[in-house]
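Q: Attaching a single structure in structure tokens format; questions to follow.
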Amino acid sequence: ALVLGIETSCDETAAAVVRRKADGRGEILSNVVRSQIDDHALYGGVVPEIAARAHIAMLDGIVRLAMEEAGIGFADLDAVAATAGPGLIGGVIVGLMTAKAIALAADKPLIAVNHLEAHALTARLTDGVAFPYLMLLVSGGHTQFVLARGVGDYVRLGSTIDDALGEAFDKTAKLLGLPYPGGPAVEKAARSGDGKRFNLPRPLLNRPGLDMSFAGLKTAVRVAAERAAPVSDQDVADLCASFQEAAADVVASRAKRALEEFAQMFADVEPVLVIAGGVAANTRLRQGLDEAARATGARLVAPPIHLCTDNAAMIAWAGAERFVLGLIDPLSVSPRPRWPLDATAKPMLGEGR
Ligand code: ATP
Ligand code: MG
Ligand code: FE
């Protein structure tokens, strides 16, 4: 199946063409991403109205580029896929309506993709991972452990009860005077810092379950910074390193527990943990997850970073995975700004495994 994918749910305008071969392997023919980071940096975060307008201005050209790079025309496609949610409603409308227009004009099926499902299925595109597996999604808007049992068949096992981890990175950066987006800035500063200098909390860690909390961690950084005032560059580096240590500890310890639960549920399956989302770029976090996987005899699958952050190849791929199972949507489908992963349409029992 040859599918065009469109992503506009947050601050990336993206289009891509992906092929899913008969053996289930994937091939990326083009993957064009235009980040709006510079448009939002001035405001220290994504401004929905600016994002929606930028998607309108950019998407036509991005789609054309993706088709050109793939060397195909709309008539060659099997389907057109777009993120239909969750995300910022203005952006989602731009992407979904554009996909509808192309689908209608070229007489191709439309697939309304759940952005979280696309993150979850990326490891099947890059590494051919088989169901069932565990996914940790860590981005600016989401932090959750998901059990992927099949296409359209997900169970959320635990999630943050307050801030997403990327959000905590961004807020920590902001309060320490570092630029937006905060994740890369905090990681860079942490490299010259002492992660043991500040003893920051590991919230919820001795509670059962797989939920996480990061708001208190960010507040603890604020309190420590106030106590250390006036804050030197070395203080900032040490605070960043200590924050990163605490965050990585929390996630790794939760991952270990998730993998143990997985091993109990599926005794004869090799446990696999796949990671997705922009925070998966963090080296310290990956190191913690690697140790958690090794401690439980599991395999850690980390797609390349440009496929962990928001992109359209993952949307096209999710569209292809759904298309081959006959999961297409009517042109009347509505955007869904809130759309939990557990609520995506499932194929008939037995399919998609
Ligand atoms: P969504 O949550 O809807 O998937 P998003 O745009 O918030 O979308 P991504 O684009 O996947 O999420 O990731 C952006 C987030 O990743 C930001 O919060 C950013 O600070 C964080 N991030 C990026 N690189 C790093 C890094 N090296 N370390 C920690 N966090 C990082
Ligand atoms: Mg983004
Ligand atoms: Fe995302």
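The chains in the structure tokens are called A, B, ... from first to last as shown; in each chain the residues are counted from 1, and the ligands are counted from 1 in the order shown.
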List all protein, DNA and RNA residues that have at least one atom no more than 7 Å from any atom of ligand 2, counting only C-alpha atoms and all ligand atoms, and write them as number ranges by chain.
A: A: 10-12, 309-310
Q: Create the file for the chosen residues now, containing N, CA and C atoms and written as a short mmCIF file (atom, residue, chain, number, x, y, z; two decimals), in the first residue's frame.
A:
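File written: result.cif
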```
data_model
loop_
_atom_site.label_atom_id
_atom_site.label_comp_id
_atom_site.auth_asym_id
_atom_site.auth_seq_id
_atom_site.Cartn_x
_atom_site.Cartn_y
_atom_site.Cartn_z
N CYS A 10 0.33 19.81 15.95
CA CYS A 10 0.99 20.67 16.93
C CYS A 10 1.81 21.73 16.20
N ASP A 11 3.11 21.69 16.32
CA ASP A 11 3.93 22.76 15.74
C ASP A 11 4.85 22.26 14.64
N GLU A 12 4.52 21.10 14.04
CA GLU A 12 5.23 20.67 12.84
C GLU A 12 4.22 20.56 11.70
N THR A 309 10.15 12.30 17.05
CA THR A 309 9.44 13.58 17.15
C THR A 309 8.34 13.59 16.08
N ASP A 310 7.49 14.61 16.15
CA ASP A 310 6.35 14.63 15.24
C ASP A 310 6.79 14.68 13.78
#
```
Q: Taking only C-alpha atoms and all ligand atoms into account, report as a PyMOL selection string which residues have an atom no farther than 9 Å from an atom of ligand 3.
A: chain A and resi 9-10+87+115-116+118-119+137-142+276-278+308-311
Q: Taking only stretch 90-321 of chain A into account, list the residues labelled helix (DSSP H, G or I) by DSSP (computed from the backbone), as a PyMOL selection string.
A: chain A and resi 90-106+115-127+165-175+182-190+215-228+233-265+278-281+283-295+305-308+313-321
Q: Rank nothing, just name the residue among A:Pro271, A:Pro340, A:Pro179, A:Gly166 nearest to ligand 1, using only C-alpha atoms and all ligand atoms.
A: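 Selected residue with least distance to ligand 1: A:Gly166.
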Q: Give me, as an MDAnalysis selection string, all polymer residues having an atom no more than 12 Å from stretch 41-50 of chain A, counting only C-alpha atoms and skipping those fewer than 4 positions away in the same chain.
A: chainID A and resid 8:12 35:37 54:57 87:92 94 140:141 166:167 170:175 177:182
Q: Write the residues you've just listed into a file as a PDB file, in the first residue's frame, and include C-alpha atoms for each of them.
A:
```
ATOM      1  CA  THR A   8      -0.502  19.236  11.576  1.00  0.00           C
ATOM      2  CA  SER A   9      -1.603  18.527  15.166  1.00  0.00           C
ATOM      3  CA  CYS A  10       0.986  20.670  16.934  1.00  0.00           C
ATOM      4  CA  ASP A  11       3.926  22.758  15.744  1.00  0.00           C
ATOM      5  CA  GLU A  12       5.229  20.666  12.843  1.00  0.00           C
ATOM      6  CA  SER A  35       9.124  22.880  12.298  1.00  0.00           C
ATOM      7  CA  GLN A  36       7.512  26.079  13.573  1.00  0.00           C
ATOM      8  CA  ILE A  37       9.886  26.352  16.537  1.00  0.00           C
ATOM      9  CA  ALA A  54       1.414  28.656   9.717  1.00  0.00           C
ATOM     10  CA  HIS A  55      -0.047  25.252   8.775  1.00  0.00           C
ATOM     11  CA  ILE A  56      -2.387  26.979   6.293  1.00  0.00           C
ATOM     12  CA  ALA A  57       0.519  28.916   4.786  1.00  0.00           C
ATOM     13  CA  GLY A  87      -4.000  17.967  19.136  1.00  0.00           C
ATOM     14  CA  LEU A  88      -4.632  21.657  18.626  1.00  0.00           C
ATOM     15  CA  ILE A  89      -7.987  21.899  16.859  1.00  0.00           C
ATOM     16  CA  GLY A  90      -6.992  24.638  14.385  1.00  0.00           C
ATOM     17  CA  GLY A  91      -4.034  22.674  13.084  1.00  0.00           C
ATOM     18  CA  VAL A  92      -5.898  19.372  12.963  1.00  0.00           C
ATOM     19  CA  VAL A  94      -6.127  22.294   8.340  1.00  0.00           C
ATOM     20  CA  GLY A 140       5.639  17.739  25.096  1.00  0.00           C
ATOM     21  CA  GLY A 141       1.976  16.794  25.417  1.00  0.00           C
ATOM     22  CA  GLY A 166       8.593  17.353  27.804  1.00  0.00           C
ATOM     23  CA  GLU A 167       6.450  20.037  29.397  1.00  0.00           C
ATOM     24  CA  ASP A 170      10.304  23.113  28.957  1.00  0.00           C
ATOM     25  CA  LYS A 171       9.076  24.713  32.209  1.00  0.00           C
ATOM     26  CA  THR A 172      12.322  23.903  34.033  1.00  0.00           C
ATOM     27  CA  ALA A 173      14.298  25.523  31.215  1.00  0.00           C
ATOM     28  CA  LYS A 174      12.094  28.602  31.320  1.00  0.00           C
ATOM     29  CA  LEU A 175      12.476  29.127  35.063  1.00  0.00           C
ATOM     30  CA  GLY A 177      16.378  31.285  31.905  1.00  0.00           C
ATOM     31  CA  LEU A 178      17.209  28.748  29.183  1.00  0.00           C
ATOM     32  CA  PRO A 179      15.740  29.044  25.655  1.00  0.00           C
ATOM     33  CA  TYR A 180      12.714  27.241  24.194  1.00  0.00           C
ATOM     34  CA  PRO A 181      12.350  24.352  23.510  1.00  0.00           C
ATOM     35  CA  GLY A 182      13.696  23.459  26.918  1.00  0.00           C
TER      36      GLY A 182
END
```
Q: What's the separation between atom CA of A:Val151 and atom CA of A:Leu121, in Å to one decimal place?
A: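 Spanning atom CA of A:Val151 to atom CA of A:Leu121 is a straight-line distance of 8.0 Å.
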Q: Can you tell me which residues surround A:Val274 at a distance of at most 7 Å, considering only C-alpha atoms, apart from same-chain residues fewer than 5 positions away, and format the answer as a PyMOL selection string?
A: chain A and resi 123+134-136+300-302
Q: Restricting it to N, CA and C atoms, dump the selection as a PDB file, in the first residue's frame.
A:
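Output file part.pdb follows:
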```pdb
ATOM      1  N   ALA A 123       7.612   1.963  15.498  1.00  0.00           N
ATOM      2  CA  ALA A 123       8.631   0.922  15.660  1.00  0.00           C
ATOM      3  C   ALA A 123       8.373  -0.265  14.732  1.00  0.00           C
ATOM      4  N   LEU A 134       5.320  -3.130  24.408  1.00  0.00           N
ATOM      5  CA  LEU A 134       5.067  -1.982  25.269  1.00  0.00           C
ATOM      6  C   LEU A 134       5.584  -0.729  24.589  1.00  0.00           C
ATOM      7  N   MET A 135       4.886   0.381  24.761  1.00  0.00           N
ATOM      8  CA  MET A 135       5.396   1.645  24.255  1.00  0.00           C
ATOM      9  C   MET A 135       5.428   2.672  25.374  1.00  0.00           C
ATOM     10  N   LEU A 136       6.520   3.413  25.423  1.00  0.00           N
ATOM     11  CA  LEU A 136       6.587   4.594  26.289  1.00  0.00           C
ATOM     12  C   LEU A 136       6.563   5.805  25.377  1.00  0.00           C
ATOM     13  N   LEU A 300      15.049  -3.010  24.022  1.00  0.00           N
ATOM     14  CA  LEU A 300      14.636  -1.616  23.871  1.00  0.00           C
ATOM     15  C   LEU A 300      14.740  -1.241  22.395  1.00  0.00           C
ATOM     16  N   VAL A 301      13.651  -0.757  21.829  1.00  0.00           N
ATOM     17  CA  VAL A 301      13.668  -0.333  20.428  1.00  0.00           C
ATOM     18  C   VAL A 301      13.462   1.177  20.365  1.00  0.00           C
ATOM     19  N   ALA A 302      14.481   1.880  19.894  1.00  0.00           N
ATOM     20  CA  ALA A 302      14.423   3.343  19.812  1.00  0.00           C
ATOM     21  C   ALA A 302      14.558   3.756  18.351  1.00  0.00           C
TER      22      ALA A 302
END
```
Q: I need the strand (DSSP E or B) residues of stretch 272-313 of chain A per DSSP on the backbone, written as number ranges by chain.
A: A: 272-276, 299-301
Q: Pick out the residues sitting within 12 Å of A:Ser30, and hand them over as an MDAnalysis selection string; count only C-alpha atoms, and ignore anything fewer than 2 positions along from it in its own chain.
A: chainID A and resid 2:6 14:19 27:28 32:33 62:72 311:314 316:317
Q: May I have the residues from that selection written out with C-alpha atoms, as an mmCIF file, in the first residue's frame?
A:
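Contents of selection13.cif, as written:
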```
data_model
loop_
_atom_site.group_PDB
_atom_site.id
_atom_site.type_symbol
_atom_site.label_atom_id
_atom_site.label_comp_id
_atom_site.auth_asym_id
_atom_site.auth_seq_id
_atom_site.Cartn_x
_atom_site.Cartn_y
_atom_site.Cartn_z
ATOM 1 C CA LEU A 2 1.245 3.465 -0.950
ATOM 2 C CA VAL A 3 -0.018 6.198 1.382
ATOM 3 C CA LEU A 4 0.367 9.978 1.675
ATOM 4 C CA GLY A 5 0.386 11.139 5.304
ATOM 5 C CA ILE A 6 -0.241 14.624 6.687
ATOM 6 C CA ALA A 14 4.612 17.655 7.696
ATOM 7 C CA ALA A 15 3.807 15.413 4.735
ATOM 8 C CA ALA A 16 5.296 12.054 3.739
ATOM 9 C CA VAL A 17 4.821 9.136 1.391
ATOM 10 C CA VAL A 18 5.311 5.643 2.789
ATOM 11 C CA ARG A 19 4.935 2.193 1.294
ATOM 12 C CA GLU A 27 9.724 2.029 3.130
ATOM 13 C CA ILE A 28 9.806 5.823 3.443
ATOM 14 C CA VAL A 32 9.125 16.472 4.732
ATOM 15 C CA VAL A 33 8.903 18.277 8.082
ATOM 16 C CA ILE A 62 4.962 20.665 1.902
ATOM 17 C CA VAL A 63 2.542 18.162 0.341
ATOM 18 C CA ARG A 64 3.781 19.029 -3.149
ATOM 19 C CA LEU A 65 7.393 18.555 -2.003
ATOM 20 C CA ALA A 66 6.622 15.172 -0.419
ATOM 21 C CA MET A 67 4.931 13.969 -3.629
ATOM 22 C CA GLU A 68 7.802 15.252 -5.803
ATOM 23 C CA GLU A 69 10.461 13.642 -3.633
ATOM 24 C CA ALA A 70 8.555 10.349 -3.739
ATOM 25 C CA GLY A 71 8.335 10.716 -7.528
ATOM 26 C CA ILE A 72 4.625 9.925 -7.696
ATOM 27 C CA ASN A 311 6.548 13.724 11.549
ATOM 28 C CA ALA A 312 4.244 12.593 8.739
ATOM 29 C CA ALA A 313 5.980 9.309 7.878
ATOM 30 C CA MET A 314 4.443 7.865 11.035
ATOM 31 C CA ALA A 316 1.354 7.649 6.488
ATOM 32 C CA TRP A 317 2.556 4.373 8.029
#
```
Q: Any idea what's packed within 10 Å of A:Arg191, counting only C-alpha atoms, ignoring anything in its chain fewer than 2 positions away? Could you give it as a short mmCIF file (atom, residue, chain, number, x, y, z; two decimals) with C-alpha atoms, in the first residue's frame?
A:
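See part_31.cif below for the written result:
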```
data_model
loop_
_atom_site.label_atom_id
_atom_site.label_comp_id
_atom_site.auth_asym_id
_atom_site.auth_seq_id
_atom_site.Cartn_x
_atom_site.Cartn_y
_atom_site.Cartn_z
CA VAL A 186 18.44 21.38 29.68
CA GLU A 187 20.28 18.36 28.31
CA LYS A 188 23.09 20.56 26.99
CA ALA A 189 23.47 22.48 30.27
CA GLY A 193 26.63 19.82 35.70
CA ASP A 194 26.70 17.63 38.79
CA GLY A 195 23.53 15.52 38.91
CA ALA A 237 24.12 23.27 35.03
CA ASP A 238 23.89 21.40 38.35
CA CYS A 240 19.62 20.76 35.03
CA ALA A 241 21.72 17.67 35.68
CA ARG A 284 20.29 10.20 29.92
#
```
Q: I'd like the neighbourhood of stretch 95-112 of chain A as an MDAnalysis selection string, where a residue qualifies if any of its atoms comes within 7 Å (using only C-alpha atoms), though same-chain residues fewer than 2 positions away should be ignored.
A: chainID A and resid 6:8 74:75 78:84 91:93 114 319 328:331
Q: Any chance you could export the current selection's C-alpha atoms as a PDB file, in the first residue's frame?
A:
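And here is the file that came out, part08.pdb:
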```pdb
ATOM      1  CA  ILE A   6      -0.241  14.624   6.687  1.00  0.00           C
ATOM      2  CA  GLU A   7       0.621  15.849  10.202  1.00  0.00           C
ATOM      3  CA  THR A   8      -0.502  19.236  11.576  1.00  0.00           C
ATOM      4  CA  PHE A  74      -1.941  11.480  -6.419  1.00  0.00           C
ATOM      5  CA  ALA A  75      -3.310   8.857  -8.844  1.00  0.00           C
ATOM      6  CA  ASP A  78      -3.762   3.818  -2.405  1.00  0.00           C
ATOM      7  CA  ALA A  79      -4.965   6.133   0.360  1.00  0.00           C
ATOM      8  CA  VAL A  80      -4.580   9.554   1.981  1.00  0.00           C
ATOM      9  CA  ALA A  81      -4.033   9.706   5.761  1.00  0.00           C
ATOM     10  CA  ALA A  82      -4.030  12.665   8.136  1.00  0.00           C
ATOM     11  CA  THR A  83      -3.897  13.219  11.866  1.00  0.00           C
ATOM     12  CA  ALA A  84      -7.488  13.686  13.045  1.00  0.00           C
ATOM     13  CA  GLY A  91      -4.034  22.674  13.084  1.00  0.00           C
ATOM     14  CA  VAL A  92      -5.898  19.372  12.963  1.00  0.00           C
ATOM     15  CA  ILE A  93      -8.668  20.971  10.882  1.00  0.00           C
ATOM     16  CA  ASN A 114      -4.920   9.006  15.830  1.00  0.00           C
ATOM     17  CA  GLY A 319      -2.631   4.927   7.542  1.00  0.00           C
ATOM     18  CA  ILE A 328     -10.930   3.491   6.182  1.00  0.00           C
ATOM     19  CA  ASP A 329     -13.005   6.502   7.202  1.00  0.00           C
ATOM     20  CA  PRO A 330     -15.846   8.418   5.547  1.00  0.00           C
ATOM     21  CA  LEU A 331     -15.155  11.932   4.194  1.00  0.00           C
TER      22      LEU A 331
END
```
Q: Out of A:Ala248, A:Arg222, A:Phe214, A:Ala168, which residue has the shortest atom-to-atom distance to A:Gly288 when counting only C-alpha atoms?
A: A:Ala248
Q: Given only C-alpha atoms and all ligand atoms as the basis, pick out the residue of A:Thr143, A:Thr126, A:Thr219, A:Gln234 nearest to ligand 1.
A: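 Closest residue, counting only C-alpha atoms and all ligand atoms: A:Thr143.
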Q: Which of these, A:His40, A:Arg34, A:Arg149, A:Arg53, has the shortest distance to A:Phe266 once you count only C-alpha atoms?
A: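 Of A:His40, A:Arg34, A:Arg149, A:Arg53, the one nearest A:Phe266, counting only C-alpha atoms, is A:Arg149.
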Q: Please determine, counting only C-alpha atoms and all ligand atoms, which residue among A:Pro337, A:Gly297, A:Pro86, A:Pro184 has the shortest atom-to-atom distance to ligand 1.
A: A:Pro184
